file structure_12.csv (CSV, C-alpha atoms and all ligand atoms)
chain,number,residue,atom,x,y,z
A,1,MET,CA,106.5,110.3,83.1
A,2,ARG,CA,107.4,108.3,80.0
A,3,ILE,CA,106.2,104.8,80.8
A,4,GLY,CA,106.6,101.6,78.7
A,5,VAL,CA,104.3,98.6,79.5
A,6,PRO,CA,105.2,95.3,77.9
A,7,GLY,CA,102.2,93.1,78.5
A,8,THR,CA,98.6,94.3,77.8
A,9,GLY,CA,96.6,91.4,79.2
A,10,HIS,CA,94.4,91.4,82.2
A,11,ILE,CA,96.6,93.7,84.3
A,12,GLY,CA,98.7,95.5,81.7
A,13,LYS,CA,95.7,96.9,79.7
A,14,THR,CA,94.3,98.5,82.8
A,15,LEU,CA,97.7,99.9,83.7
A,16,VAL,CA,97.9,101.5,80.2
A,17,ARG,CA,94.4,102.9,80.5
A,18,LYS,CA,94.8,104.3,84.0
A,19,LEU,CA,98.3,105.7,83.7
A,20,SER,CA,97.4,107.4,80.3
A,21,ALA,CA,94.3,108.8,81.9
A,22,ALA,CA,96.4,110.2,84.7
A,23,GLY,CA,98.5,112.2,82.2
A,24,HIS,CA,101.5,109.9,81.6
A,25,ASP,CA,103.0,109.3,78.2
A,26,VAL,CA,102.4,105.5,78.0
A,27,ARG,CA,103.6,103.0,75.4
A,28,ALA,CA,101.9,99.6,75.3
A,29,ALA,CA,103.3,96.4,73.8
A,30,ASN,CA,102.5,92.7,73.7
A,31,SER,CA,104.4,89.8,72.2
A,32,ARG,CA,102.7,89.9,68.8
A,33,GLY,CA,103.1,93.5,67.6
A,34,PRO,CA,101.5,96.9,67.8
A,35,ASP,CA,98.7,96.1,65.3
A,36,THR,CA,97.3,93.5,67.6
A,37,ILE,CA,96.7,95.8,70.6
A,38,GLU,CA,93.0,96.5,71.0
A,39,ALA,CA,91.7,100.0,70.7
A,40,ASP,CA,90.2,100.1,74.2
A,41,VAL,CA,93.7,99.7,75.7
A,42,LEU,CA,94.6,103.0,74.0
A,43,ALA,CA,91.4,104.9,74.8
A,44,PHE,CA,93.1,107.4,77.0
A,45,GLY,CA,96.1,108.2,74.9
A,46,GLY,CA,98.5,105.3,75.2
A,47,ARG,CA,100.4,104.4,72.0
A,48,ALA,CA,100.9,100.9,70.6
A,49,VAL,CA,104.6,100.0,70.0
A,50,THR,CA,106.9,97.0,69.8
A,51,ALA,CA,108.3,95.5,73.1
A,52,ALA,CA,111.7,96.9,72.1
A,53,GLU,CA,110.2,100.4,71.7
A,54,ALA,CA,108.3,100.1,75.0
A,55,VAL,CA,111.6,99.8,77.0
A,56,ALA,CA,113.6,102.4,75.1
A,57,ASP,CA,113.9,106.1,76.2
A,58,VAL,CA,111.4,105.8,79.1
A,59,ASP,CA,111.6,106.7,82.8
A,60,VAL,CA,109.7,103.6,83.9
A,61,VAL,CA,109.2,100.1,82.5
A,62,ILE,CA,106.3,98.1,83.9
A,63,LEU,CA,106.5,94.4,83.0
A,64,SER,CA,103.1,92.8,83.1
A,65,ILE,CA,103.8,89.5,81.5
A,66,PRO,CA,103.6,85.9,82.9
A,67,LEU,CA,106.5,85.2,85.2
A,68,ASN,CA,107.8,82.3,83.0
A,69,ARG,CA,108.1,84.7,80.0
A,70,LEU,CA,110.3,87.2,81.9
A,71,PRO,CA,113.6,85.3,81.0
A,72,GLU,CA,112.7,85.8,77.3
A,73,ILE,CA,112.4,89.6,77.8
A,74,ALA,CA,115.7,89.8,79.8
A,75,PRO,CA,117.8,90.6,76.7
A,76,LEU,CA,115.7,93.7,76.1
A,77,ILE,CA,115.8,94.8,79.7
A,78,ALA,CA,119.6,94.4,79.6
A,79,GLY,CA,119.7,97.6,77.5
A,80,VAL,CA,117.7,99.6,80.0
A,81,PRO,CA,119.8,102.2,81.9
A,82,ALA,CA,120.5,101.3,85.6
A,83,GLU,CA,118.6,104.4,86.9
A,84,THR,CA,115.4,103.5,85.0
A,85,VAL,CA,112.7,102.2,87.3
A,86,VAL,CA,111.6,98.7,86.3
A,87,ILE,CA,108.4,97.5,88.0
A,88,ASP,CA,107.2,93.9,87.8
A,89,THR,CA,103.6,92.8,88.4
A,90,SER,CA,104.2,89.0,88.2
A,91,ASN,CA,103.3,86.1,90.4
A,92,TYR,CA,104.3,82.5,90.3
A,93,TYR,CA,101.6,80.0,89.4
A,94,PRO,CA,103.1,76.6,88.6
A,95,GLN,CA,99.9,75.6,86.9
A,96,ARG,CA,100.6,78.3,84.3
A,97,ASP,CA,104.4,78.9,84.5
A,98,GLY,CA,105.6,75.3,84.9
A,99,ARG,CA,107.5,74.2,87.9
A,100,ILE,CA,110.5,76.4,88.7
A,101,ASP,CA,112.8,74.6,91.2
A,102,ALA,CA,114.2,77.7,92.9
A,103,LEU,CA,110.7,79.0,93.6
A,104,GLU,CA,109.4,75.6,94.8
A,105,ALA,CA,112.4,75.7,97.2
A,106,GLY,CA,111.2,79.0,98.6
A,107,GLN,CA,113.2,81.7,96.8
A,108,VAL,CA,111.3,85.0,97.0
A,109,GLU,CA,109.6,85.5,93.7
A,110,SER,CA,110.8,89.1,93.2
A,111,LEU,CA,114.4,88.1,94.0
A,112,TRP,CA,114.1,85.4,91.3
A,113,VAL,CA,112.8,88.0,88.9
A,114,ALA,CA,115.6,90.5,89.7
A,115,GLU,CA,118.1,87.6,89.1
A,116,GLN,CA,116.6,86.8,85.7
A,117,LEU,CA,116.7,90.5,84.7
A,118,ARG,CA,120.0,91.1,86.4
A,119,ARG,CA,118.9,94.4,87.9
A,120,PRO,CA,116.9,95.9,90.8
A,121,ILE,CA,113.1,95.9,90.4
A,122,VAL,CA,110.0,97.1,92.1
A,123,LYS,CA,107.2,94.6,92.9
A,124,ALA,CA,103.8,96.3,92.6
A,125,TRP,CA,100.2,95.6,91.4
A,126,ASN,CA,100.8,91.9,91.9
A,127,ALA,CA,98.4,91.7,94.8
A,128,ILE,CA,95.2,93.1,93.2
A,129,GLY,CA,92.9,91.0,91.0
A,130,SER,CA,92.3,92.2,87.5
A,131,ASP,CA,88.6,92.9,87.9
A,132,SER,CA,89.2,94.9,91.2
A,133,PHE,CA,92.0,96.7,89.5
A,134,ALA,CA,89.8,97.7,86.5
A,135,ARG,CA,86.7,98.7,88.5
A,136,LYS,CA,87.5,99.5,92.1
A,137,GLY,CA,90.0,102.4,92.0
A,138,LYS,CA,89.0,105.6,93.9
A,139,LEU,CA,90.2,109.1,94.4
A,140,ALA,CA,92.9,109.5,97.2
A,141,GLY,CA,91.2,110.1,100.5
A,142,SER,CA,88.0,108.2,99.6
A,143,PRO,CA,86.7,105.9,102.4
A,144,ASP,CA,87.6,102.2,101.9
A,145,ARG,CA,90.1,102.9,99.2
A,146,ILE,CA,91.9,99.6,98.5
A,147,ALA,CA,95.6,99.3,99.2
A,148,ILE,CA,98.3,97.8,97.0
A,149,PRO,CA,101.7,96.7,98.6
A,150,VAL,CA,104.9,98.0,96.9
A,151,ALA,CA,108.3,96.4,97.6
A,152,ALA,CA,111.7,97.7,96.4
A,153,ASP,CA,115.3,97.9,97.5
A,154,ARG,CA,116.2,101.4,96.1
A,155,GLU,CA,114.4,104.4,97.6
A,156,THR,CA,113.9,106.1,94.2
A,157,ASP,CA,112.3,103.0,92.9
A,158,ARG,CA,110.0,102.7,95.9
A,159,GLY,CA,109.0,106.4,95.6
A,160,VAL,CA,108.2,106.1,91.9
A,161,GLY,CA,106.4,102.8,92.3
A,162,MET,CA,104.2,104.2,95.1
A,163,ALA,CA,103.4,107.4,93.2
A,164,LEU,CA,102.3,105.4,90.2
A,165,VAL,CA,100.1,103.0,92.3
A,166,GLU,CA,98.4,106.1,93.7
A,167,ASP,CA,97.9,107.4,90.1
A,168,THR,CA,96.0,104.2,89.3
A,169,GLY,CA,93.4,104.8,92.1
A,170,PHE,CA,94.7,102.8,95.0
A,171,ASP,CA,96.6,103.5,98.3
A,172,ALA,CA,100.2,102.6,97.9
A,173,PHE,CA,101.5,100.6,101.0
A,174,ASP,CA,105.3,100.5,101.7
A,175,ALA,CA,105.8,96.8,102.0
A,176,GLY,CA,109.6,97.0,102.6
A,177,THR,CA,112.4,95.3,100.7
A,178,LEU,CA,112.2,92.7,97.9
A,179,ALA,CA,113.4,90.1,100.5
A,180,ASP,CA,110.2,90.9,102.5
A,181,SER,CA,108.0,90.7,99.5
A,182,TRP,CA,107.1,87.0,100.0
A,183,ARG,CA,104.5,88.5,102.3
A,184,GLN,CA,102.5,89.8,99.3
A,185,GLN,CA,102.8,86.6,97.2
A,186,PRO,CA,99.8,84.4,96.2
A,187,GLY,CA,98.1,82.7,99.2
A,188,THR,CA,98.9,85.4,101.8
A,189,PRO,CA,96.3,87.5,103.6
A,190,GLY,CA,97.1,90.7,101.7
A,191,TYR,CA,97.0,89.0,98.3
A,192,CYS,CA,93.9,90.0,96.2
A,193,THR,CA,91.7,90.4,99.2
A,194,ASP,CA,90.9,94.1,98.6
A,195,ILE,CA,91.9,95.4,102.0
A,196,THR,CA,92.6,99.0,103.1
A,197,ARG,CA,95.9,100.7,104.1
A,198,GLU,CA,94.8,100.4,107.7
A,199,GLU,CA,94.5,96.6,107.3
A,200,MET,CA,97.6,95.9,105.2
A,201,ALA,CA,100.3,96.0,108.0
A,202,ALA,CA,98.6,93.2,110.0
A,203,ALA,CA,97.9,91.2,106.8
A,204,LEU,CA,101.5,91.3,105.7
A,205,ALA,CA,102.6,90.4,109.3
A,206,ALA,CA,100.3,87.4,109.4
A,207,ALA,CA,101.7,85.9,106.1
A,208,ASP,CA,102.8,82.3,106.5
A,209,ALA,CA,105.5,81.3,104.0
A,210,ALA,CA,104.9,77.5,104.4
A,211,ARG,CA,101.2,77.6,104.0
A,212,SER,CA,100.7,80.3,101.3
A,213,PRO,CA,101.6,78.1,98.3
A,214,LYS,CA,99.1,75.5,99.5
A,215,ARG,CA,96.4,78.1,99.8
A,216,ARG,CA,97.3,79.5,96.4
A,217,ASP,CA,96.8,76.1,94.8
A,218,LEU,CA,93.5,75.6,96.6
A,219,ALA,CA,92.3,79.0,95.2
A,220,ILE,CA,93.4,78.0,91.7
A,221,ALA,CA,91.6,74.7,91.9
A,222,ALA,CA,88.4,76.5,92.9
A,223,VAL,CA,88.7,79.1,90.2
A,224,MET,CA,89.4,76.6,87.5
A,225,GLU,CA,86.3,74.6,88.5
A,226,ARG,CA,84.2,77.7,88.6
A,227,MET,CA,85.5,79.0,85.2
A,228,SER,CA,85.3,75.6,83.4
A,229,GLY,CA,83.4,76.2,80.2
A,230,SER,CA,83.1,80.0,80.7
A,231,GLY,CA,86.1,80.8,78.4
A,232,LYS,CA,87.4,83.2,81.1
A,233,THR,CA,90.6,82.8,83.1
A,234,ASN,CA,90.1,85.4,85.8
A,235,PRO,CA,87.3,85.5,88.3
A,236,ASP,CA,85.2,88.6,88.8
A,237,ALA,CA,86.0,90.6,91.9
A,238,GLU,CA,83.0,89.5,93.9
A,239,TYR,CA,83.8,85.8,93.7
A,240,GLY,CA,87.6,86.1,93.6
A,241,VAL,CA,87.8,88.4,96.7
A,242,ARG,CA,85.3,86.2,98.6
A,243,LEU,CA,87.3,83.1,97.9
A,244,ASN,CA,90.7,84.6,98.7
A,245,ARG,CA,89.4,86.1,102.0
A,246,ALA,CA,88.1,82.7,103.0
A,247,LEU,CA,91.3,80.8,102.1
A,248,PHE,CA,94.1,83.3,102.7
A,249,MET,CA,93.1,85.3,105.8
B,301,LIG,N1,95.3,88.5,86.1
B,301,LIG,C1,95.3,89.0,87.3
B,301,LIG,O1,94.3,89.1,88.0
B,301,LIG,C2,96.7,89.4,87.9
B,301,LIG,C3,96.7,90.2,89.0
B,301,LIG,C4,97.9,90.6,89.5
B,301,LIG,C5,99.1,90.2,88.9
B,301,LIG,N2,99.1,89.4,87.8
B,301,LIG,C6,100.4,89.0,87.2
B,301,LIG,O2,100.7,89.9,86.2
B,301,LIG,C7,101.3,89.2,85.1
B,301,LIG,C8,100.4,89.4,83.8
B,301,LIG,O3,99.2,88.8,84.1
B,301,LIG,P1,97.9,88.9,83.2
B,301,LIG,O4,96.8,88.1,83.8
B,301,LIG,O5,97.7,90.3,82.8
B,301,LIG,O6,98.4,88.1,81.9
B,301,LIG,P2,97.7,87.9,80.5
B,301,LIG,O7,96.3,88.3,80.5
B,301,LIG,O8,98.0,86.5,80.1
B,301,LIG,O9,98.6,88.8,79.5
B,301,LIG,C9,99.9,88.7,79.3
B,301,LIG,C10,100.5,89.7,78.4
B,301,LIG,O10,101.9,89.6,78.3
B,301,LIG,C11,102.2,89.7,77.0
B,301,LIG,N3,103.5,89.1,76.7
B,301,LIG,C12,103.9,87.8,77.0
B,301,LIG,N4,105.2,87.7,76.6
B,301,LIG,C13,105.7,88.9,76.2
B,301,LIG,C14,106.9,89.3,75.7
B,301,LIG,N5,108.0,88.6,75.6
B,301,LIG,N6,107.0,90.6,75.3
B,301,LIG,C15,105.9,91.5,75.4
B,301,LIG,N7,104.7,91.1,75.9
B,301,LIG,C16,104.6,89.8,76.3
B,301,LIG,C17,101.1,89.0,76.2
B,301,LIG,O11,101.1,89.4,74.9
B,301,LIG,P3,100.4,88.4,73.8
B,301,LIG,O12,98.9,88.5,74.1
B,301,LIG,O13,100.8,89.0,72.5
B,301,LIG,O14,101.0,87.0,74.0
B,301,LIG,C18,99.9,89.6,77.0
B,301,LIG,O15,99.7,91.0,76.5
B,301,LIG,C19,101.4,87.8,85.5
B,301,LIG,O16,102.7,87.5,86.0
B,301,LIG,C20,100.3,87.6,86.6
B,301,LIG,O17,100.6,86.6,87.5
B,301,LIG,C21,97.9,89.0,87.3
call {"tool": "encode", "arguments": {"input": "structure_12.csv", "output": "structure tokens", "more": "lines below"}}
Ligand SMILES: NC(=O)c1ccc[n+]([C@@H]2O[C@H](COP(=O)([O-])OP(=O)(O)OC[C@H]3O[C@@H](n4cnc5c(N)ncnc54)[C@H](OP(=O)(O)O)[C@@H]3O)[C@@H](O)[C@H]2O)c1
result
Amino acid sequence: MRIGVPGTGHIGKTLVRKLSAAGHDVRAANSRGPDTIEADVLAFGGRAVTAAEAVADVDVVILSIPLNRLPEIAPLIAGVPAETVVIDTSNYYPQRDGRIDALEAGQVESLWVAEQLRRPIVKAWNAIGSDSFARKGKLAGSPDRIAIPVAADRETDRGVGMALVEDTGFDAFDAGTLADSWRQQPGTPGYCTDITREEMAAALAAADAARSPKRRDLAIAAVMERMSGSGKTNPDAEYGVRLNRALFM
């Protein structure tokens, strides 16, 4: 498939690497321009382009930018044909994104994103930490392959989203509609806890809408304390998964 990936940070760079390695024609963009995209992002054949080029003439757009930057990319997405599959990896972290009243009031994050972009989206790869995503992919059928939940309202979107998740080395789990996707948001049992397909249904069912934002904020506080002075913003999988399992499950 022809895939455009605006956002080549912690998650986007691994998306470009894995989807290129899987044989897709991938275009990678950031906010500063193609010259600033690092060579390792393109190691398996991805091409560096502008954000406008990344969303033009593609079958799939995967947005991997901070949630609070999505409104700024909405004018570009307005030109994307309705049938193109638009996948979003974002999560709401008020510490990073600033306070967004609708989300604080409980609006489902993916529905807020769909509203900003004025189109249907797929929610995928939001519930895997960047280090697990880069290092823990396995071939289909491998024991203990980690599952990633995928939510969408259109069946074609869901099918494409799930197939691409599989191409990145993880079991795609059908997590239902966007309205249901609060169950895969930060602070829930299936969020960045590296569980399998067999464990995912119970994890999604056990999600608690009222408690997950509190648990998200506890995790962020612990990560920020741990990282202080390290120059890093994302924990490694060993610490991040251990912490999330203790707090979210
Ligand atoms: N980090 C994780 O473990 C993780 C896991 C799952 C999901 N997520 C979610 O995925 C999203 C991306 O997270 P991340 O950690 O990968 O972020 P990140 O490391 O901060 O990278 C963000 C990327 O978005 C680009 N960007 C920002 N605004 C843009 C725009 N208007 N047009 C094109 N590119 C733009 C940035 O480009 P510049 O560098 O040029 O500014 C950068 O490449 C977030 O919503 C996050 O919550 C993160």
call {"tool": "residues_near_ligand", "arguments": {"input": "structure_12.csv", "ligand": "ligand LIG 301 (chain B)", "cutoff": "7 Å", "atoms": "only C-alpha atoms and all ligand atoms", "output": "MDAnalysis selection string"}}
result
chainID A and resid 6:12 29:32 51 64:67 69:70 72:73 89:93 125:131 234
call {"tool": "residues_around", "arguments": {"input": "structure_12.csv", "residues": "range 34-41 of chain A", "least_positions_apart": "3", "cutoff": "7 Å", "atoms": "all atoms listed in the file", "output": "short mmCIF file (atom, residue, chain, number, x, y, z; two decimals) with C-alpha atoms, keeping the file's coordinate frame"}}
result
data_model
loop_
_atom_site.label_atom_id
_atom_site.label_comp_id
_atom_site.auth_asym_id
_atom_site.auth_seq_id
_atom_site.Cartn_x
_atom_site.Cartn_y
_atom_site.Cartn_z
CA LYS A 13 95.70 96.90 79.70
CA VAL A 16 97.90 101.50 80.20
CA ARG A 17 94.40 102.90 80.50
CA ALA A 29 103.30 96.40 73.80
CA ALA A 48 100.90 100.90 70.60
CA VAL A 49 104.60 100.00 70.00
CA THR A 50 106.90 97.00 69.80
#
call {"tool": "atom_distance", "arguments": {"input": "structure_12.csv", "atom1": "CA of Ala237 in chain A", "atom2": "CA of Lys18 in chain A"}}
result
18.1 Å
call {"tool": "atom_distance", "arguments": {"input": "structure_12.csv", "atom1": "CA of Pro71 in chain A", "atom2": "CA of Leu218 in chain A"}}
result
27.2 Å
call {"tool": "closest_residue", "arguments": {"input": "structure_12.csv", "among": "A:Glu104, A:Glu225, A:Glu115, A:Asp167", "to": "His24 in chain A", "atoms": "only C-alpha atoms"}}
result
A:Asp167
call {"tool": "closest_residue", "arguments": {"input": "structure_12.csv", "among": "A:Arg99, A:Thr188, A:Gln116, A:Gly4", "to": "Ala210 in chain A", "atoms": "all atoms listed in the file"}}
result
A:Thr188
call {"tool": "closest_residue", "arguments": {"input": "structure_12.csv", "among": "A:Glu83, A:Asp101, A:Asp144, A:Asp88", "to": "Glu198 in chain A", "atoms": "only C-alpha atoms"}}
result
A:Asp144
call {"tool": "atom_distance", "arguments": {"input": "structure_12.csv", "atom1": "CA of Ile121 in chain A", "atom2": "CA of Gln184 in chain A"}}
result
15.1 Å
call {"tool": "residues_around", "arguments": {"input": "structure_12.csv", "residues": "Val55 in chain A", "least_positions_apart": "3", "cutoff": "8 Å", "atoms": "all atoms listed in the file", "output": "PyMOL selection string"}}
result
chain A and resi 4-6+51-52+58+61+76-77+80
call {"tool": "residues_near_point", "arguments": {"input": "structure_12.csv", "point": "(114.4, 99.1, 96.5)", "cutoff": "12 Å", "atoms": "all atoms listed in the file", "output": "NGL selection string"}}
result
:A and (83 or 85-87 or 110-111 or 114 or 119-124 or 150-162 or 174-181)
call {"tool": "residues_around", "arguments": {"input": "structure_12.csv", "residues": "Pro143 in chain A", "least_positions_apart": "5", "cutoff": "12 Å", "atoms": "only C-alpha atoms", "output": "VMD selection string"}}
result
chain A and resid 137 to 138 170 to 171 195 to 198
call {"tool": "residues_around", "arguments": {"input": "structure_12.csv", "residues": "Val223 in chain A", "least_positions_apart": "5", "cutoff": "10 Å", "atoms": "all atoms listed in the file", "output": "ChimeraX atom specification"}}
result
/A:217-218,228,233-235,239-240,243
call {"tool": "write_last_selection", "arguments": {"input": "structure_12.csv", "atoms": "C-alpha atoms", "output": "PDB file, keeping the file's coordinate frame"}}
result
ATOM      1  CA  ASP A 217      96.800  76.100  94.800  1.00  0.00           C
ATOM      2  CA  LEU A 218      93.500  75.600  96.600  1.00  0.00           C
ATOM      3  CA  SER A 228      85.300  75.600  83.400  1.00  0.00           C
ATOM      4  CA  THR A 233      90.600  82.800  83.100  1.00  0.00           C
ATOM      5  CA  ASN A 234      90.100  85.400  85.800  1.00  0.00           C
ATOM      6  CA  PRO A 235      87.300  85.500  88.300  1.00  0.00           C
ATOM      7  CA  TYR A 239      83.800  85.800  93.700  1.00  0.00           C
ATOM      8  CA  GLY A 240      87.600  86.100  93.600  1.00  0.00           C
ATOM      9  CA  LEU A 243      87.300  83.100  97.900  1.00  0.00           C
TER      10      LEU A 243
END
call {"tool": "closest_residue", "arguments": {"input": "structure_12.csv", "among": "A:Ile146, A:Ala134, A:Ile62, A:Leu164", "to": "Gly23 in chain A", "atoms": "only C-alpha atoms"}}
result
A:Leu164
call {"tool": "build_atoms", "arguments": {"input": "structure_12.csv", "residues": "range 159-174 of chain A", "atoms": "N, CA, C and O atoms", "output": "JSON list (two decimals), keeping the file's coordinate frame"}}
result
[["chain", "number", "residue", "atom", "x", "y", "z"],
["A", 159, "GLY", "N", 109.74, 105.17, 95.69],
["A", 159, "GLY", "CA", 109.00, 106.40, 95.60],
["A", 159, "GLY", "C", 108.20, 106.46, 94.26],
["A", 159, "GLY", "O", 107.00, 106.81, 94.24],
["A", 160, "VAL", "N", 108.85, 106.08, 93.16],
["A", 160, "VAL", "CA", 108.20, 106.10, 91.90],
["A", 160, "VAL", "C", 107.07, 105.05, 91.82],
["A", 160, "VAL", "O", 105.94, 105.31, 91.39],
["A", 161, "GLY", "N", 107.37, 103.86, 92.30],
["A", 161, "GLY", "CA", 106.40, 102.80, 92.30],
["A", 161, "GLY", "C", 105.14, 103.18, 93.11],
["A", 161, "GLY", "O", 104.00, 102.99, 92.66],
["A", 162, "MET", "N", 105.37, 103.79, 94.28],
["A", 162, "MET", "CA", 104.20, 104.20, 95.10],
["A", 162, "MET", "C", 103.41, 105.29, 94.49],
["A", 162, "MET", "O", 102.18, 105.27, 94.51],
["A", 163, "ALA", "N", 104.09, 106.26, 93.88],
["A", 163, "ALA", "CA", 103.40, 107.40, 93.20],
["A", 163, "ALA", "C", 102.51, 106.86, 92.09],
["A", 163, "ALA", "O", 101.36, 107.28, 91.91],
["A", 164, "LEU", "N", 103.04, 105.91, 91.32],
["A", 164, "LEU", "CA", 102.30, 105.40, 90.20],
["A", 164, "LEU", "C", 101.09, 104.53, 90.64],
["A", 164, "LEU", "O", 100.02, 104.55, 90.03],
["A", 165, "VAL", "N", 101.28, 103.78, 91.72],
["A", 165, "VAL", "CA", 100.10, 103.00, 92.30],
["A", 165, "VAL", "C", 99.02, 103.99, 92.66],
["A", 165, "VAL", "O", 97.84, 103.76, 92.36],
["A", 166, "GLU", "N", 99.39, 105.09, 93.31],
["A", 166, "GLU", "CA", 98.40, 106.10, 93.70],
["A", 166, "GLU", "C", 97.68, 106.63, 92.43],
["A", 166, "GLU", "O", 96.46, 106.83, 92.43],
["A", 167, "ASP", "N", 98.45, 106.84, 91.36],
["A", 167, "ASP", "CA", 97.90, 107.40, 90.10],
["A", 167, "ASP", "C", 96.85, 106.40, 89.50],
["A", 167, "ASP", "O", 96.03, 106.80, 88.66],
["A", 168, "THR", "N", 96.93, 105.11, 89.86],
["A", 168, "THR", "CA", 96.00, 104.20, 89.30],
["A", 168, "THR", "C", 94.72, 104.01, 90.18],
["A", 168, "THR", "O", 93.85, 103.19, 89.89],
["A", 169, "GLY", "N", 94.65, 104.78, 91.29],
["A", 169, "GLY", "CA", 93.40, 104.80, 92.10],
["A", 169, "GLY", "C", 93.44, 103.95, 93.34],
["A", 169, "GLY", "O", 92.37, 103.61, 93.89],
["A", 170, "PHE", "N", 94.63, 103.64, 93.85],
["A", 170, "PHE", "CA", 94.70, 102.80, 95.00],
["A", 170, "PHE", "C", 95.76, 103.39, 95.99],
["A", 170, "PHE", "O", 96.67, 104.12, 95.59],
["A", 171, "ASP", "N", 95.60, 103.08, 97.30],
["A", 171, "ASP", "CA", 96.60, 103.50, 98.30],
["A", 171, "ASP", "C", 97.83, 102.66, 98.17],
["A", 171, "ASP", "O", 97.75, 101.42, 98.23],
["A", 172, "ALA", "N", 98.98, 103.32, 98.00],
["A", 172, "ALA", "CA", 100.20, 102.60, 97.90],
["A", 172, "ALA", "C", 100.72, 102.28, 99.36],
["A", 172, "ALA", "O", 100.79, 103.19, 100.18],
["A", 173, "PHE", "N", 101.04, 101.02, 99.63],
["A", 173, "PHE", "CA", 101.50, 100.60, 101.00],
["A", 173, "PHE", "C", 102.96, 100.20, 100.87],
["A", 173, "PHE", "O", 103.29, 99.30, 100.10],
["A", 174, "ASP", "N", 103.83, 100.85, 101.67],
["A", 174, "ASP", "CA", 105.30, 100.50, 101.70],
["A", 174, "ASP", "C", 105.43, 99.15, 102.34],
["A", 174, "ASP", "O", 105.32, 99.04, 103.56]]
